[in-house]
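Source file: work08.cif; contents: mmCIF, C-alpha atoms.
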data_entry
#
loop_
_atom_site.label_atom_id
_atom_site.label_comp_id
_atom_site.auth_asym_id
_atom_site.auth_seq_id
_atom_site.Cartn_x
_atom_site.Cartn_y
_atom_site.Cartn_z
CA MET V 1 -4.55 36.20 30.41
CA ARG V 2 -1.99 35.65 27.68
CA PRO V 3 -0.73 32.06 27.46
CA PRO V 4 2.98 31.27 27.31
CA ALA V 5 4.68 31.74 23.96
CA SER V 6 5.33 28.00 23.69
CA THR V 7 1.68 27.05 23.44
CA HIS V 8 -0.19 26.03 20.30
CA ASP V 9 -0.47 28.62 17.56
CA SER V 10 -4.25 28.71 18.03
CA TRP V 11 -3.85 30.43 21.38
CA GLN V 12 -4.80 34.09 21.14
CA SER V 13 -4.62 37.05 23.47
CA ALA V 14 -7.88 38.13 25.08
CA LEU V 15 -8.03 41.21 22.87
CA SER V 16 -7.19 39.69 19.51
CA PRO V 17 -9.74 39.95 16.66
CA ALA V 18 -9.87 36.14 16.40
CA THR V 19 -10.77 35.82 20.06
CA ARG V 20 -13.35 38.60 19.89
CA LEU V 21 -14.99 36.90 16.92
CA ALA V 22 -14.94 33.57 18.74
CA GLU V 23 -16.62 35.15 21.78
CA VAL V 24 -19.39 36.64 19.65
CA LYS V 25 -19.90 33.30 17.95
CA ALA V 26 -20.03 31.48 21.31
CA THR V 27 -22.57 33.96 22.69
CA LEU V 28 -24.85 33.48 19.69
CA LYS V 29 -24.53 29.70 19.95
CA ARG V 30 -25.46 29.79 23.64
CA ALA V 31 -28.53 31.90 22.93
CA ALA V 32 -29.62 29.52 20.18
CA ALA V 33 -28.99 26.55 22.47
CA GLU V 34 -31.28 27.92 25.16
CA ILE V 35 -34.06 28.27 22.61
CA ALA V 36 -33.41 24.87 21.01
CA THR V 37 -34.03 22.90 24.23
CA PHE V 38 -37.04 24.85 25.46
CA GLY V 39 -39.82 22.41 26.32
CA ARG V 40 -38.17 19.21 25.12
CA GLY V 41 -35.90 16.51 26.47
CA ALA V 42 -32.75 14.92 25.15
CA PRO V 43 -33.07 13.31 21.69
CA GLU V 44 -32.97 9.53 21.43
CA GLY V 45 -29.68 7.89 20.57
CA THR V 46 -26.11 7.79 21.78
CA ARG V 47 -24.19 11.03 22.05
CA VAL V 48 -20.49 10.72 21.27
CA LEU V 49 -18.44 13.37 23.08
CA LEU V 50 -15.30 14.71 21.41
CA TYR V 51 -12.52 16.00 23.68
CA HIS V 52 -8.91 16.81 22.85
CA SER V 53 -6.71 18.00 25.73
CA VAL V 54 -7.55 17.84 29.46
CA THR V 55 -5.23 20.26 31.24
CA ARG V 56 -4.36 21.11 34.82
CA THR V 57 -4.54 24.83 34.02
CA GLY V 58 -7.61 27.02 33.66
CA LEU V 59 -6.51 28.69 30.45
CA GLY V 60 -8.84 28.55 27.46
CA ASP V 61 -7.56 28.45 23.88
CA ALA V 62 -9.30 30.09 20.94
CA GLY V 63 -9.27 26.79 19.04
CA GLU V 64 -11.33 25.19 21.84
CA MET V 65 -8.95 22.25 22.15
CA THR V 66 -8.58 22.25 25.93
CA THR V 67 -10.76 21.37 28.91
CA PRO V 68 -9.49 22.16 32.43
CA LEU V 69 -9.29 19.15 34.74
CA GLY V 70 -11.74 20.64 37.24
CA LEU V 71 -14.34 21.19 34.55
CA PHE V 72 -13.77 17.74 33.09
CA THR V 73 -14.41 16.33 36.57
CA GLU V 74 -17.71 18.24 36.62
CA HIS V 75 -18.65 16.76 33.28
CA LEU V 76 -18.09 13.22 34.55
CA SER V 77 -20.10 13.96 37.69
CA ILE V 78 -22.99 15.35 35.62
CA LEU V 79 -23.09 12.19 33.53
CA ARG V 80 -23.36 10.06 36.65
CA GLU V 81 -25.85 12.30 38.47
CA ARG V 82 -28.17 12.53 35.46
CA GLY V 83 -28.14 8.81 34.78
CA TRP V 84 -26.18 8.78 31.54
CA ARG V 85 -24.55 5.43 30.79
CA VAL V 86 -20.99 5.62 29.42
CA VAL V 87 -20.60 2.90 26.79
CA THR V 88 -17.65 2.02 24.60
CA ALA V 89 -17.26 3.10 21.00
CA THR V 90 -16.95 -0.57 20.09
CA ASP V 91 -20.32 -1.34 21.70
CA LEU V 92 -21.94 1.53 19.80
CA VAL V 93 -20.46 0.40 16.50
CA GLY V 94 -21.50 -3.19 17.19
CA ALA V 95 -25.10 -2.06 17.70
CA LEU V 96 -25.07 -0.04 14.47
CA ARG V 97 -23.61 -2.85 12.41
CA SER V 98 -26.14 -5.36 13.77
CA GLY V 99 -29.09 -3.02 13.24
CA ALA V 100 -29.81 -2.80 16.97
CA ARG V 101 -30.97 0.38 18.67
CA PRO V 102 -28.21 2.15 20.67
CA GLN V 103 -28.74 2.20 24.43
CA PRO V 104 -30.96 5.06 25.66
CA ARG V 105 -29.32 7.92 27.56
CA SER V 106 -25.87 6.71 26.65
CA VAL V 107 -22.68 8.55 25.76
CA VAL V 108 -19.32 7.57 24.31
CA MET V 109 -16.16 9.38 25.42
CA THR V 110 -13.59 10.04 22.67
CA PHE V 111 -10.31 11.96 22.56
CA ASP V 112 -8.75 13.07 19.30
CA ASP V 113 -5.06 13.37 18.42
CA GLY V 114 -3.63 11.18 21.21
CA LEU V 115 -2.29 14.07 23.28
CA ALA V 116 0.09 13.40 26.16
CA ASP V 117 -2.18 14.64 28.94
CA LEU V 118 -4.63 11.81 28.23
CA TYR V 119 -2.13 9.53 29.96
CA ASP V 120 -1.43 11.46 33.14
CA VAL V 121 -4.45 13.77 33.51
CA ALA V 122 -7.63 12.43 31.90
CA ALA V 123 -7.20 8.64 32.05
CA PRO V 124 -6.62 8.37 35.83
CA LEU V 125 -9.80 10.35 36.47
CA MET V 126 -11.83 8.28 34.01
CA ARG V 127 -10.53 5.13 35.66
CA GLU V 128 -11.69 6.48 39.01
CA HIS V 129 -15.17 7.15 37.58
CA GLY V 130 -15.29 3.87 35.67
CA CYS V 131 -15.66 5.62 32.32
CA PRO V 132 -14.27 3.84 29.25
CA SER V 133 -13.06 5.93 26.33
CA THR V 134 -11.48 5.74 22.89
CA ALA V 135 -8.42 7.74 21.86
CA PHE V 136 -7.95 8.37 18.15
CA VAL V 137 -4.20 8.70 17.63
CA THR V 138 -1.89 9.53 14.74
CA VAL V 139 1.09 7.45 13.75
CA ALA V 140 3.35 10.51 13.61
CA GLY V 141 2.23 11.52 17.09
CA LEU V 142 3.17 8.14 18.58
CA HIS V 143 6.50 8.40 16.79
CA GLN V 144 6.97 11.87 18.36
CA SER V 145 7.49 13.21 14.84
CA ASP V 146 6.10 16.74 15.05
CA ALA V 147 7.61 17.65 11.69
CA SER V 148 5.23 15.21 10.00
CA LEU V 149 2.10 16.59 11.65
CA ARG V 150 -0.13 19.47 10.62
CA HIS V 151 -0.35 21.94 13.53
CA PRO V 152 1.63 19.89 16.10
CA TRP V 153 0.49 20.21 19.70
CA PRO V 154 3.08 21.82 22.01
CA GLY V 155 2.08 19.67 24.97
CA GLY V 156 3.23 16.60 23.12
CA TYR V 157 1.71 13.25 22.27
CA LEU V 158 1.34 9.82 23.80
CA THR V 159 4.34 7.58 23.39
CA VAL V 160 3.95 4.05 22.12
CA GLN V 161 4.60 2.74 25.63
CA GLN V 162 1.99 5.02 27.17
CA ALA V 163 -0.60 3.99 24.57
CA ARG V 164 0.12 0.34 25.35
CA GLU V 165 -0.29 0.99 29.07
CA LEU V 166 -3.64 2.72 28.51
CA LEU V 167 -4.79 -0.28 26.48
CA ASP V 168 -3.70 -2.61 29.26
CA LEU V 169 -5.79 -0.64 31.79
CA GLY V 170 -8.86 -1.76 29.88
CA LEU V 171 -10.53 1.65 29.99
CA VAL V 172 -8.96 3.31 26.93
CA ASP V 173 -9.27 1.81 23.47
CA ILE V 174 -7.17 3.07 20.59
CA GLY V 175 -8.47 4.05 17.15
CA SER V 176 -6.80 5.59 14.12
CA HIS V 177 -6.71 9.31 13.36
CA GLY V 178 -4.52 8.88 10.31
CA SER V 179 -0.78 8.89 9.79
CA THR V 180 -0.13 12.64 9.83
CA HIS V 181 -3.54 14.23 10.58
CA ALA V 182 -3.86 15.25 6.94
CA ARG V 183 -7.04 16.64 5.43
CA LEU V 184 -8.84 13.84 3.58
CA GLY V 185 -11.43 15.83 1.67
CA HIS V 186 -10.35 15.98 -2.00
CA ALA V 187 -7.10 14.24 -1.07
CA PRO V 188 -5.06 12.39 -3.72
CA ASP V 189 -5.29 8.60 -3.76
CA ASP V 190 -1.84 8.12 -2.25
CA VAL V 191 -2.69 10.39 0.68
CA LEU V 192 -5.95 8.55 1.32
CA ALA V 193 -4.13 5.21 1.28
CA ARG V 194 -1.41 6.46 3.64
CA GLU V 195 -3.85 8.02 6.11
CA THR V 196 -6.33 5.13 6.24
CA ALA V 197 -4.91 1.70 5.36
CA GLY V 198 -1.31 2.77 6.00
CA ALA V 199 -2.16 4.23 9.39
CA ARG V 200 -4.08 1.14 10.44
CA GLU V 201 -1.22 -1.17 9.52
CA ALA V 202 1.36 1.01 11.29
CA LEU V 203 -0.71 1.32 14.47
CA GLU V 204 -1.31 -2.41 14.63
CA ASP V 205 2.45 -3.01 14.31
CA LEU V 206 3.24 -0.44 17.01
CA LEU V 207 0.57 -1.47 19.52
CA GLY V 208 0.13 -5.16 18.84
CA ARG V 209 -3.67 -4.75 18.67
CA THR V 210 -6.24 -4.86 15.91
CA ILE V 211 -7.39 -1.33 15.04
CA ARG V 212 -11.06 -1.25 14.06
CA LEU V 213 -12.13 2.38 14.45
CA PHE V 214 -11.20 5.54 12.55
CA ALA V 215 -11.86 9.25 13.09
CA TYR V 216 -11.64 11.71 10.18
CA PRO V 217 -9.14 14.51 10.97
CA PHE V 218 -10.17 18.18 11.25
CA GLY V 219 -13.61 19.77 11.30
CA ALA V 220 -16.69 19.03 9.24
CA ALA V 221 -15.77 21.36 6.35
CA ASP V 222 -12.41 19.71 5.71
CA MET V 223 -12.47 16.24 7.10
CA TRP V 224 -14.00 13.84 4.59
CA ASP V 225 -15.85 13.22 1.38
CA GLU V 226 -17.20 10.10 -0.33
CA ARG V 227 -13.74 9.02 -1.47
CA ALA V 228 -12.35 9.34 2.05
CA ARG V 229 -15.31 7.43 3.40
CA GLY V 230 -14.73 4.69 0.86
CA ALA V 231 -11.02 4.56 1.68
CA ALA V 232 -11.77 4.08 5.39
CA ARG V 233 -14.17 1.25 4.60
CA SER V 234 -11.73 -0.39 2.15
CA ALA V 235 -8.94 -0.15 4.74
CA GLY V 236 -10.86 -2.58 6.94
CA TYR V 237 -12.18 -0.26 9.63
CA ASP V 238 -15.58 -1.12 11.12
CA ALA V 239 -16.64 2.51 11.49
CA ALA V 240 -15.52 6.12 11.15
CA PHE V 241 -16.33 9.05 13.40
CA THR V 242 -17.03 12.57 12.15
CA SER V 243 -17.05 15.91 13.96
CA ILE V 244 -20.60 16.73 12.95
CA PHE V 245 -22.83 17.57 15.92
CA GLY V 246 -25.74 15.31 16.79
CA VAL V 247 -26.68 11.91 18.17
CA THR V 248 -26.21 8.46 16.71
CA GLY V 249 -29.36 6.38 16.45
CA ALA V 250 -30.57 3.19 14.80
CA GLY V 251 -29.93 3.35 11.08
CA THR V 252 -26.93 5.68 11.32
CA ASP V 253 -24.25 4.87 8.77
CA PRO V 254 -21.30 3.44 10.78
CA PHE V 255 -18.96 5.55 8.63
CA GLU V 256 -20.76 8.79 9.50
CA ILE V 257 -21.02 8.65 13.29
CA ARG V 258 -21.68 12.09 14.74
CA ARG V 259 -19.79 13.62 17.64
CA SER V 260 -20.37 16.67 19.84
CA ARG V 261 -17.23 18.66 20.52
CA VAL V 262 -16.58 19.60 24.15
CA SER V 263 -14.07 22.11 25.54
CA TRP V 264 -13.46 24.75 28.21
CA ARG V 265 -16.46 26.65 26.85
CA HIS V 266 -18.81 24.01 28.23
CA SER V 267 -19.53 24.99 31.80
CA ALA V 268 -21.79 22.69 33.81
CA ARG V 269 -24.79 24.53 32.38
CA GLU V 270 -23.45 24.39 28.81
CA PHE V 271 -22.60 20.72 29.17
CA ARG V 272 -26.15 19.87 30.27
CA LEU V 273 -27.49 21.79 27.28
CA LEU V 274 -25.18 19.89 24.97
CA LEU V 275 -26.35 16.54 26.37
CA ASP V 276 -29.95 17.61 25.79
CA GLY V 277 -29.26 18.33 22.13
CA ALA V 278 -29.14 22.11 22.41
CA TYR V 279 -26.27 22.37 19.93
CA ASP V 280 -27.38 19.74 17.43
CA TRP V 281 -28.70 22.47 15.14
CA TYR V 282 -25.06 23.42 14.54
CA ALA V 283 -24.78 20.41 12.22
CA GLY V 284 -26.69 22.50 9.68
CA VAL V 285 -24.04 25.20 9.90
CA GLN V 286 -21.32 22.61 9.41
CA ARG V 287 -23.06 21.21 6.34
CA LEU V 288 -23.40 24.74 4.97
CA GLN V 289 -19.67 25.24 5.43
CA VAL V 290 -19.02 22.14 3.34
CA LEU V 291 -21.39 23.37 0.63
CA LEU V 292 -19.78 26.81 0.52
CA ARG V 293 -16.33 25.27 0.36
CA ASP V 294 -17.35 23.09 -2.57
CA ILE V 295 -18.86 26.08 -4.36
CA LEU V 296 -15.71 28.15 -3.85
CA ASP V 297 -13.53 25.24 -5.03
CA GLY V 298 -15.65 25.06 -8.16
CA VAL V 299 -15.24 28.79 -8.80
CA ARG V 300 -11.48 28.55 -8.44
#
What would the structure in this file look like if it were written as C-alpha cells?
Amino acid sequence: MRPPASTHDSWQSALSPATRLAEVKATLKRAAAEIATFGRGAPEGTRVLLYHSVTRTGLGDAGEMTTPLGLFTEHLSILRERGWRVVTATDLVGALRSGARPQPRSVVMTFDDGLADLYDVAAPLMREHGCPSTAFVTVAGLHQSDASLRHPWPGGYLTVQQARELLDLGLVDIGSHGSTHARLGHAPDDVLARETAGAREALEDLLGRTIRLFAYPFGAADMWDERARGAARSAGYDAAFTSIFGVTGAGTDPFEIRRSRVSWRHSAREFRLLLDGAYDWYAGVQRLQVLLRDILDGVR
C-alpha cells in the first residue's frame, strides 16, 4: 500500500528498490536472530528500547520509524506477561554512575525526536500500563521549526506545552536530542557546542526542568565520536544514549548506553527475540559501518 504523498521522505512504495533491499535485509536478520537465541536465555543487564513514532495506522515505513498502536500494545503486554520490569532511564543511569548492577530482566522505554503522537497516542497507553519512559527531544522540534531540522517528520513534533504536560504526568521524562538533530560525528566545534550544551540550556529554559540525559542523533555510523562524547560530558549531562544494539550492564560507560531499535517490523515473535538478545549481534555490523565510513573518509 502506498502511503500518502505528505508522509516522510523515507516512505517507499512496496515495489521500490529501497523497500526490496530492506525486506531482504530484514529476512536475513530474522534468520540470524533465530539462530542467535537457540538454547540460551536473555543476556544479563537492562535493555533500553528505542521507539520513534507510535501511529494509529498499520502502515510501515522503509525507515522503520513507526510502530502501529495495536502492535505497541502487544509489546507492552509481552513485557508484563514475561515479567520484565520497566525502569526509568534515570534509575539506570544512577546505577551505572554508582557502580551498581542494573536490575535483572529490566527494560527502559525511550522515544527519539519528540514526535507529536507521543502525546496523544503512546503516552496515554503507557500511563494505563504504568510504564515510565524518556523522550529525547530537539529544540527545533519544540519550536515547531521544521526548516532547522534534518529530515523533518511530517506528523509534527511535541509543542512546549505538550512536553510540559507529559512531564507533569510523571511517566514521561525529557532528555536532549540536540538542537537541530545534526550529525555529531566529525562535527565542527561550534556545532558540537550548539547541539550539546546549547540544546541543554535551551530545553531547560523552555521546560523549566533540569535536563540530565542526552541521546546522540542518527544511527551508529553517523551519530558520535570521541569528540561528541566529550562534548556531551562537558555540557553537564549525566549520560548519553547510543543506537547500538545490546544490553547495558555493570561497568557500561554512561556515555555509551546501548539501545535496541523497535518498529513495525517487530511482531510479537520478533519482539520476544529482541528481548532475548537475538539481535545483539547486529552491534558488530554497526561497528563495521563506522569503520568503513572512517576508511572511506580517509581515502577522500
Counting only C-alpha atoms, I want the residues whose atoms come within 10 Å of (-3.1, 2.1, 32.7) in the file frame, returned as a PyMOL selection string.
chain V and resi 119-120+123-124+127+162-172
Pick the closest to Ala95 in chain V from V:Thr196, V:Thr46, V:Thr138, V:Ser243: which is it, counting all atoms listed in the file?
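Looking only at the distances to Ala95 in chain V, the closest residue turns out to be V:Thr46.
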Expected selection from the PyMOL selection byres ((chain V and resi 241) around 7), given as JSON, numbers by chain
{"V": [214, 215, 216, 239, 240, 242, 243, 255, 256, 257, 258]}
State, in Å with one decimal place, the distance from CA of Leu275 in chain V to CA of Gln103 in chain V.
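Separation of CA of Leu275 in chain V and CA of Gln103 in chain V: 14.7 Å.
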Work out how far apart CA of Ser133 in chain V and CA of Val87 in chain V are and give it in Å to one decimal.
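A separation of 8.1 Å between them.
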Quick one: everything within 8 Å of Gly114 in chain V, counting all atoms listed in the file, minus sequence neighbours fewer than 2 positions away in the same chain. Send it as JSON, numbers by chain.
{"V": [52, 111, 112, 116, 118, 135, 136, 137, 138, 141, 142, 157, 158]}
Find, counting only C-alpha atoms, the residue in V:Ser263, V:Val139, V:Gly45, V:Asp253 that gets nearest to Glu204 in chain V.
V:Val139
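The spacing separating CA of Gly249 in chain V from CA of Tyr279 in chain V amounts to 16.7 Å.
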Among V:Tyr237, V:Trp84, V:Phe271, V:Trp224, Thr210 in chain V is approached most closely, using only C-alpha atoms, by V:Tyr237
Counting only C-alpha atoms, closest pick from V:Gly83, V:Gly178, V:Gly156, V:Gly70 relative to Gly198 in chain V is V:Gly178
Listed atoms of range 230-233 of chain V, axis-aligned box, 5 Å per side: centre and edge lengths to one decimal in Å, as AutoDock Vina command-line options?
--center_x -12.9 --center_y 3.0 --center_z 3.1 --size_x 13.7 --size_y 13.4 --size_z 14.5
When the PyMOL selection byres ((chain V and resi 85) around 12) is applied to the file above, which residues end up in the set, as a VMD selection string?
chain V and resid 45 to 48 76 to 84 86 to 88 92 102 to 109 129 to 132
C-alpha atoms of the current selection, written as a JSON list (two decimals), in the coordinates of the input:
[["chain", "number", "residue", "atom", "x", "y", "z"],
["V", 45, "GLY", "CA", -29.68, 7.89, 20.57],
["V", 46, "THR", "CA", -26.11, 7.79, 21.78],
["V", 47, "ARG", "CA", -24.19, 11.03, 22.05],
["V", 48, "VAL", "CA", -20.49, 10.72, 21.27],
["V", 76, "LEU", "CA", -18.09, 13.22, 34.55],
["V", 77, "SER", "CA", -20.10, 13.96, 37.69],
["V", 78, "ILE", "CA", -22.99, 15.35, 35.62],
["V", 79, "LEU", "CA", -23.09, 12.19, 33.53],
["V", 80, "ARG", "CA", -23.36, 10.06, 36.65],
["V", 81, "GLU", "CA", -25.85, 12.30, 38.47],
["V", 82, "ARG", "CA", -28.17, 12.53, 35.46],
["V", 83, "GLY", "CA", -28.14, 8.81, 34.78],
["V", 84, "TRP", "CA", -26.18, 8.78, 31.54],
["V", 86, "VAL", "CA", -20.99, 5.62, 29.42],
["V", 87, "VAL", "CA", -20.60, 2.90, 26.79],
["V", 88, "THR", "CA", -17.65, 2.02, 24.60],
["V", 92, "LEU", "CA", -21.94, 1.53, 19.80],
["V", 102, "PRO", "CA", -28.21, 2.15, 20.67],
["V", 103, "GLN", "CA", -28.74, 2.20, 24.43],
["V", 104, "PRO", "CA", -30.96, 5.06, 25.66],
["V", 105, "ARG", "CA", -29.32, 7.92, 27.56],
["V", 106, "SER", "CA", -25.87, 6.71, 26.65],
["V", 107, "VAL", "CA", -22.68, 8.55, 25.76],
["V", 108, "VAL", "CA", -19.32, 7.57, 24.31],
["V", 109, "MET", "CA", -16.16, 9.38, 25.42],
["V", 129, "HIS", "CA", -15.17, 7.15, 37.58],
["V", 130, "GLY", "CA", -15.29, 3.87, 35.67],
["V", 131, "CYS", "CA", -15.66, 5.62, 32.32],
["V", 132, "PRO", "CA", -14.27, 3.84, 29.25]]
